[in-house]
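Structure data follow from protein_18.csv (CSV, C-alpha atoms):
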chain,number,residue,atom,x,y,z
A,294,MET,CA,32.7,-84.8,193.0
A,295,GLY,CA,29.8,-87.0,191.8
A,296,LYS,CA,28.4,-84.0,190.1
A,297,HIS,CA,31.6,-83.3,188.2
A,298,LEU,CA,32.0,-86.9,187.1
A,299,HIS,CA,28.5,-86.7,185.7
A,300,HIS,CA,29.7,-84.0,183.3
A,301,LEU,CA,32.6,-86.1,182.1
A,302,MET,CA,30.4,-89.0,181.4
A,303,PRO,CA,29.0,-89.1,177.9
A,304,CYS,CA,25.3,-89.7,177.5
A,305,CYS,CA,23.8,-92.7,175.6
A,306,LYS,CA,23.5,-90.7,172.4
A,307,ASP,CA,27.2,-89.8,172.6
A,308,VAL,CA,28.1,-93.3,173.5
A,309,THR,CA,26.4,-94.8,170.5
A,310,MET,CA,28.3,-92.4,168.3
A,311,LEU,CA,31.6,-93.3,170.0
A,312,ALA,CA,30.7,-97.0,169.6
A,313,GLU,CA,30.1,-96.4,165.9
A,314,LYS,CA,33.5,-94.8,165.6
A,315,ARG,CA,35.2,-97.6,167.5
A,316,LEU,CA,33.4,-100.2,165.3
A,317,GLN,CA,34.9,-98.5,162.3
A,318,GLN,CA,38.3,-98.3,163.9
A,319,GLU,CA,38.3,-94.5,164.1
A,320,PRO,CA,40.9,-93.4,166.7
A,321,LEU,CA,39.3,-92.1,169.9
A,322,THR,CA,40.9,-89.7,172.4
A,323,TRP,CA,41.8,-91.0,175.8
A,324,ILE,CA,38.9,-89.1,177.4
A,325,GLN,CA,36.5,-90.6,174.9
A,326,ARG,CA,37.7,-94.1,175.5
A,327,MET,CA,37.4,-93.6,179.3
A,328,GLY,CA,34.0,-92.1,178.9
A,329,LEU,CA,32.8,-95.0,176.7
A,330,LYS,CA,34.2,-97.6,179.1
A,331,PHE,CA,32.7,-96.1,182.3
A,332,HIS,CA,29.4,-95.5,180.6
A,333,LEU,CA,29.2,-99.1,179.4
A,334,LEU,CA,29.9,-100.3,182.9
A,335,MET,CA,26.8,-98.7,184.1
A,336,CYS,CA,24.4,-98.8,181.2
A,337,VAL,CA,22.8,-102.1,180.1
A,338,TYR,CA,21.1,-100.5,177.1
A,339,CYS,CA,24.4,-99.2,175.6
A,340,ARG,CA,26.1,-102.5,176.4
A,341,ARG,CA,23.4,-104.3,174.4
A,342,TYR,CA,23.7,-101.7,171.6
A,343,VAL,CA,27.5,-102.2,171.3
A,344,LYS,CA,27.1,-105.9,171.2
A,345,GLN,CA,24.3,-105.8,168.7
A,346,ILE,CA,25.8,-103.4,166.2
A,347,ALA,CA,28.9,-105.7,166.2
A,348,ILE,CA,26.5,-108.5,165.1
A,349,ILE,CA,25.0,-106.3,162.4
A,350,HIS,CA,28.5,-105.3,161.3
A,351,ARG,CA,29.5,-108.9,160.8
A,352,GLN,CA,26.2,-109.8,159.1
A,353,LEU,CA,26.6,-106.9,156.6
A,354,GLU,CA,30.1,-108.1,155.8
A,355,LYS,CA,28.7,-111.6,155.2
A,356,TYR,CA,25.8,-110.2,153.2
A,357,ARG,CA,28.3,-108.7,150.6
A,358,GLU,CA,29.5,-112.1,149.7
A,359,THR,CA,26.1,-113.6,149.0
A,360,ALA,CA,24.1,-110.7,147.8
A,361,PHE,CA,24.7,-110.6,144.1
A,362,ALA,CA,23.0,-112.7,141.5
A,363,ALA,CA,23.3,-112.6,137.8
A,364,PRO,CA,20.7,-110.5,135.9
A,365,ASP,CA,17.6,-112.1,134.5
A,366,GLU,CA,17.8,-113.8,131.1
A,367,GLN,CA,14.9,-111.8,130.0
A,368,VAL,CA,16.6,-108.5,130.9
A,369,LYS,CA,19.7,-109.6,129.1
A,370,GLN,CA,17.6,-110.3,126.0
A,371,GLN,CA,16.1,-106.8,126.2
A,372,TRP,CA,19.6,-105.4,126.3
A,373,GLU,CA,20.6,-107.5,123.3
A,374,VAL,CA,17.6,-106.1,121.3
A,375,LEU,CA,18.4,-102.6,122.5
A,376,ILE,CA,22.0,-102.8,121.3
A,377,ALA,CA,21.0,-104.4,118.0
A,378,THR,CA,18.4,-101.8,117.3
A,379,TYR,CA,20.9,-99.0,118.1
A,380,LEU,CA,23.5,-100.5,115.8
A,381,LYS,CA,21.0,-100.9,113.0
A,382,ASN,CA,19.7,-97.4,113.2
A,383,ASN,CA,23.2,-95.9,113.4
A,384,ALA,CA,25.0,-98.2,111.0
A,385,GLY,CA,25.9,-95.3,108.8
A,386,ASN,CA,27.6,-93.3,111.5
A,387,LEU,CA,29.9,-96.0,112.8
B,221,MET,CA,28.2,-109.5,122.1
B,222,TRP,CA,28.6,-106.9,124.9
B,223,VAL,CA,25.7,-108.4,126.8
B,224,LYS,CA,27.2,-111.9,126.7
B,225,LEU,CA,30.7,-110.7,127.7
B,226,TYR,CA,30.1,-108.0,130.2
B,227,ALA,CA,26.5,-107.9,131.4
B,228,ASP,CA,27.0,-110.2,134.4
B,229,GLU,CA,30.0,-108.4,135.7
B,230,LEU,CA,28.5,-104.9,135.1
B,231,TYR,CA,25.3,-105.9,136.8
B,232,LYS,CA,27.0,-107.4,139.7
B,233,PHE,CA,29.0,-104.3,140.2
B,234,ALA,CA,25.9,-102.1,139.9
B,235,CYS,CA,24.2,-104.3,142.5
B,236,SER,CA,27.1,-103.9,144.9
B,237,ARG,CA,26.5,-100.2,144.9
B,238,VAL,CA,22.7,-99.7,144.6
B,239,SER,CA,20.9,-102.9,146.0
B,240,ASP,CA,17.7,-101.9,144.2
B,241,THR,CA,17.9,-104.4,141.3
B,242,GLY,CA,15.6,-102.4,139.1
B,243,LEU,CA,17.9,-99.4,139.4
B,244,ALA,CA,20.9,-101.6,138.8
B,245,GLN,CA,19.4,-102.8,135.6
B,246,ASP,CA,18.7,-99.2,134.4
B,247,LEU,CA,22.2,-98.2,135.2
B,248,VAL,CA,23.7,-101.1,133.2
B,249,GLN,CA,21.3,-100.3,130.3
B,250,ASP,CA,22.4,-96.7,130.3
B,251,THR,CA,26.0,-97.8,130.4
B,252,PHE,CA,25.5,-99.9,127.2
B,253,LEU,CA,23.8,-97.0,125.5
B,254,SER,CA,26.4,-94.5,126.4
B,255,GLY,CA,29.0,-97.0,125.4
B,256,LEU,CA,27.4,-97.3,122.0
B,257,GLN,CA,27.2,-93.5,121.6
B,258,SER,CA,30.8,-93.0,122.4
B,259,MET,CA,32.2,-96.1,120.8
B,260,ASN,CA,34.3,-94.1,118.4
B,261,GLN,CA,36.1,-92.5,121.4
B,262,PHE,CA,37.1,-95.9,122.6
B,263,ARG,CA,40.7,-96.2,121.5
B,264,GLY,CA,41.6,-99.6,122.9
B,265,GLU,CA,44.0,-98.0,125.4
B,266,SER,CA,42.2,-100.0,128.1
B,267,SER,CA,40.2,-103.2,127.7
B,268,GLU,CA,36.6,-102.9,126.6
B,269,LYS,CA,35.5,-104.1,130.0
B,270,THR,CA,37.5,-101.5,131.9
B,271,TRP,CA,36.1,-98.9,129.6
B,272,LEU,CA,32.5,-99.9,130.2
B,273,LEU,CA,33.1,-100.3,133.9
B,274,ALA,CA,34.4,-96.7,134.0
B,275,ILE,CA,31.2,-95.5,132.3
B,276,LEU,CA,29.1,-97.4,134.8
B,277,LYS,CA,31.0,-96.0,137.7
B,278,ASN,CA,30.3,-92.5,136.4
B,279,LYS,CA,26.6,-93.3,136.1
B,280,ILE,CA,26.5,-94.6,139.6
B,281,ASN,CA,28.2,-91.6,141.1
B,282,ASP,CA,25.9,-89.3,139.2
B,283,HIS,CA,23.0,-91.2,140.6
B,284,PHE,CA,24.2,-90.8,144.2
B,285,ARG,CA,25.1,-87.2,143.8
B,286,THR,CA,21.6,-86.4,142.8
B,287,ALA,CA,20.2,-88.6,145.5
B,288,SER,CA,22.4,-87.1,148.2
B,289,LYS,CA,21.4,-83.6,147.3
B,290,ALA,CA,17.7,-84.5,147.4
B,291,ALA,CA,18.2,-86.4,150.7
B,292,ILE,CA,20.0,-83.6,152.4
B,293,THR,CA,17.3,-81.1,151.6
B,294,THR,CA,14.5,-83.3,152.8
B,295,ILE,CA,16.3,-84.1,156.0
B,296,ASP,CA,16.9,-80.4,156.7
B,297,ILE,CA,13.3,-79.5,156.1
B,298,GLU,CA,11.3,-82.4,157.6
B,299,ASP,CA,13.5,-83.9,160.2
B,300,PRO,CA,15.6,-81.4,162.2
B,301,ASP,CA,16.9,-84.0,164.6
B,302,PRO,CA,15.9,-87.6,164.0
B,303,GLN,CA,18.1,-88.6,166.9
B,304,LEU,CA,15.3,-87.4,169.1
B,305,THR,CA,13.4,-90.5,168.0
B,306,PHE,CA,15.8,-92.6,169.9
B,307,PHE,CA,17.0,-90.3,172.7
B,308,ASN,CA,15.4,-87.8,175.0
B,309,GLU,CA,16.7,-84.2,175.4
B,310,LYS,CA,19.2,-85.4,178.0
B,311,GLY,CA,20.6,-87.9,175.5
B,312,HIS,CA,19.3,-91.0,177.3
B,313,TRP,CA,17.5,-93.8,175.5
B,314,ARG,CA,13.8,-93.3,175.2
B,315,SER,CA,12.3,-96.3,177.0
B,316,GLU,CA,10.4,-97.5,174.0
B,317,MET,CA,13.6,-97.3,171.8
B,318,ALA,CA,16.1,-98.7,174.3
B,319,PRO,CA,17.8,-101.9,173.0
B,320,GLN,CA,16.3,-105.1,174.2
B,321,ALA,CA,18.0,-108.3,174.8
B,322,TRP,CA,18.0,-110.3,171.6
B,323,ALA,CA,16.3,-113.6,171.7
B,324,THR,CA,17.0,-115.3,168.4
B,325,THR,CA,20.2,-116.0,166.7
B,326,ILE,CA,21.0,-117.1,163.2
B,327,ASN,CA,21.6,-120.8,163.1
B,328,SER,CA,20.8,-122.6,159.9
B,329,LYS,CA,21.4,-121.7,156.3
B,330,ALA,CA,17.7,-121.2,155.7
B,331,GLU,CA,17.6,-118.8,158.6
B,332,GLN,CA,20.6,-116.9,157.2
B,333,ALA,CA,18.7,-116.4,153.9
B,334,ASP,CA,15.7,-115.2,155.8
B,335,PHE,CA,17.8,-112.9,157.9
B,336,PHE,CA,19.4,-111.4,154.8
B,337,ARG,CA,15.9,-110.8,153.3
B,338,ILE,CA,14.9,-108.9,156.5
B,339,LEU,CA,18.3,-107.0,156.4
B,340,ARG,CA,17.6,-105.9,152.9
B,341,THR,CA,14.1,-104.7,153.8
B,342,CYS,CA,15.5,-102.8,156.7
B,343,MET,CA,18.2,-101.2,154.5
B,344,ASP,CA,15.5,-100.1,152.1
B,345,LYS,CA,13.7,-98.3,154.9
B,346,LEU,CA,16.7,-96.1,155.5
B,347,THR,CA,16.9,-92.6,154.0
B,348,SER,CA,18.5,-92.8,150.6
B,349,LEU,CA,21.6,-91.2,151.9
B,350,GLY,CA,21.9,-93.5,154.9
B,351,LYS,CA,21.4,-96.4,152.6
B,352,ALA,CA,24.0,-95.1,150.2
B,353,VAL,CA,26.6,-94.8,153.0
B,354,ILE,CA,25.9,-98.3,154.4
B,355,GLN,CA,26.2,-99.7,150.9
B,356,HIS,CA,29.4,-98.0,150.0
B,357,LYS,CA,30.8,-99.1,153.3
B,358,TYR,CA,29.8,-102.7,153.3
B,359,LEU,CA,29.0,-103.7,149.8
B,360,ASP,CA,31.9,-101.9,148.3
B,361,GLU,CA,34.3,-102.1,151.2
B,362,LYS,CA,35.2,-98.5,151.0
B,363,LYS,CA,37.1,-96.3,153.4
B,364,SER,CA,35.1,-93.6,155.1
B,365,LYS,CA,37.3,-91.0,153.4
B,366,ASP,CA,36.4,-92.3,149.9
B,367,ILE,CA,32.7,-92.5,150.8
B,368,CYS,CA,32.8,-88.8,151.8
B,369,LYS,CA,34.4,-87.9,148.4
B,370,ASP,CA,31.9,-90.0,146.4
B,371,LEU,CA,28.9,-88.7,148.1
B,372,SER,CA,30.3,-85.2,148.7
B,373,LEU,CA,29.9,-85.4,152.4
B,374,THR,CA,32.0,-83.8,155.1
B,375,SER,CA,33.5,-86.2,157.7
B,376,SER,CA,31.2,-85.0,160.4
B,377,ASN,CA,28.2,-85.4,158.1
B,378,TYR,CA,29.4,-88.9,157.4
B,379,TRP,CA,29.4,-89.9,161.1
B,380,VAL,CA,26.0,-88.4,161.7
B,381,ILE,CA,24.5,-90.2,158.8
B,382,ILE,CA,26.0,-93.6,159.5
B,383,HIS,CA,25.3,-93.3,163.2
B,384,ARG,CA,21.7,-92.6,162.4
B,385,ALA,CA,21.5,-95.4,159.8
B,386,ARG,CA,23.0,-97.8,162.3
B,387,LEU,CA,20.4,-96.8,165.0
B,388,GLN,CA,17.6,-97.3,162.5
B,389,LEU,CA,19.0,-100.6,161.1
B,390,ARG,CA,19.4,-102.0,164.6
B,391,ALA,CA,15.9,-100.9,165.7
B,392,CYS,CA,14.4,-102.4,162.5
B,393,LEU,CA,16.2,-105.7,162.9
B,394,GLU,CA,15.2,-105.9,166.5
B,395,LYS,CA,11.6,-105.4,165.7
B,396,ASN,CA,11.6,-107.8,162.7
B,397,TRP,CA,14.0,-110.5,163.6
B,398,PHE,CA,15.5,-110.5,167.0
B,399,SER,CA,12.4,-110.1,169.1
B,400,ASN,CA,11.0,-113.5,168.2

Write out the structure in this file as structure tokens.
Amino acid sequence: MGKHLHHLMPCCKDVTMLAEKRLQQEPLTWIQRMGLKFHLLMCVYCRRYVKQIAIIHRQLEKYRETAFAAPDEQVKQQWEVLIATYLKNNAGNL
Amino acid sequence: MWVKLYADELYKFACSRVSDTGLAQDLVQDTFLSGLQSMNQFRGESSEKTWLLAILKNKINDHFRTASKAAITTIDIEDPDPQLTFFNEKGHWRSEMAPQAWATTINSKAEQADFFRILRTCMDKLTSLGKAVIQHKYLDEKKSKDICKDLSLTSSNYWVIIHRARLQLRACLEKNWFSN
């Protein structure tokens, strides 16, 4: 019996994939959910993994809100010059 | 005039997709140039901003299409199964890669800024495709289906790539932040 159970139980590699899908709210089959649950009961590393990727997930969502700054003034000036030059050179065609 | 009116918004949008600020600048610059070249095609059916944003979106997608093609070939050739870095042949964690208990948390505002800096560094270390997938997912809040379409990936490819990216990101953050 123990031997057969072993075959039903997903390994750590599978479990991290299942955890990824669950994190992204992808539907799992009943077998997958059970496998994930029982594996996590027994495996401290995967328990940590699941907890930690949830933290990373939240941090990445937070990161989005703070990540973007305005472009450099210098860069903007470059763009101004670029556009002005283009318009000057192509004045006849516009 | 374009720069004053639209540069901030276009740049912000570009940054949300490509995190590399230099690249974002290039993409915005290309957008202005393309816009100038095709100005006579602009008929005022949409606002000027929408029109420029559409050009920028095309530029970004072109960039990723090239990057994803390049990345897929390099993965195929150099790295048949990067999962083996983390797991042994039986699919168990390799002892040196197994997740450790995390010691530090993120408390203050200053720490948060530091953490984001590390997060960015760790994202830059991902493969270009892994990075693209993470960015589409988090910085652009896209659904996995749309990410697959944008990057021309199959659904199973998507899961393999984001799974691997998450493993790498977690390991990098553990090493550089959470292990004291």

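CA of Asp365 (chain A) is positioned 17.1 Å from CA of Thr251 (chain B).
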
Sphere at (30.4, -99.2, 138.9), radius 8 Å, counting all atoms listed in the file: residues as a list of chain:residue names: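 In the file's frame, the residues around the point are B:Leu230, B:Phe233, B:Ala234, B:Arg237, B:Leu273, B:Ala274, B:Ile275, B:Leu276, B:Lys277, B:Asn278, B:Lys279, B:Ile280.
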
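When the distance limit is 7 Å and all atoms listed in the file are what count, the residues near region 316-319 of chain B, minus those fewer than 2 positions from it on the same chain, are Tyr338, Arg341 and Tyr342 of chain A; Phe306, Trp313, Arg314 and Ala321 of chain B.
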
Find the residues of chain B that sit at most 7 Å from chain A; for each, write down the nearest two atoms and how far apart they are in Å, to one decimal. Count all atoms listed in the file. Sort by chain, then by number going up, and give it as a tab-separated table.
residue	atom	partner	partner_atom	distance
B:Val223	CA	A:Glu373	CA	6.3
B:Asp228	CA	A:Ala363	CA	5.6
B:Tyr231	CA	A:Pro364	CA	6.6
B:Lys232	CA	A:Phe361	CA	5.9
B:Cys235	CA	A:Phe361	CA	6.5
B:Gln249	CA	A:Trp372	CA	6.7
B:Phe307	CA	A:Lys306	CA	6.5
B:Gly311	CA	A:Lys306	CA	5.1
B:His312	CA	A:Cys305	CA	5.1
B:Trp313	CA	A:Cys305	CA	6.4
B:Ala318	CA	A:Tyr338	CA	6.0
B:Pro319	CA	A:Tyr338	CA	5.4
B:Ala321	CA	A:Arg341	CA	6.7
B:Phe336	CA	A:Tyr356	CA	6.7
B:Tyr358	CA	A:Glu354	CA	6.0
B:Leu359	CA	A:Arg357	CA	5.1
B:His383	CA	A:Met310	CA	6.0
B:Arg390	CA	A:Ile346	CA	6.7

CA of Arg386 (chain B) to CA of Ser364 (chain B), straight-line distance in Å: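 About the pair CA of Ser364 (chain B) and CA of Arg386 (chain B): they are 14.7 Å apart.
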
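From CA of Leu256 (chain B) back to CA of His356 (chain B), the distance works out to 28.1 Å.
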
Who sits within 8 Å of region 324-329 of chain B, only C-alpha atoms, same chain under 6 positions skipped, as a VMD selection string: chain B and resid 335 397 to 400

Nearby residues, (14.1, -102.6, 156.3) file frame, 10 Å, only C-alpha atoms, as an MDAnalysis selection string: chainID B and resid 337:346 388:393 396

For region 367-382 of chain B: contacts at 10 Å, only C-alpha atoms, fewer than 3 positions along chain excluded, given as number ranges by chain: A: 310-311, 313-314; B: 280-289, 303, 347, 349-357, 360-364, 385-388

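Of the listed residues B:Gln320, B:Glu331, B:Tyr226, B:Gly242, the one whose atoms come nearest to Glu268 (chain B) is B:Tyr226, with distances taken using all atoms listed in the file.
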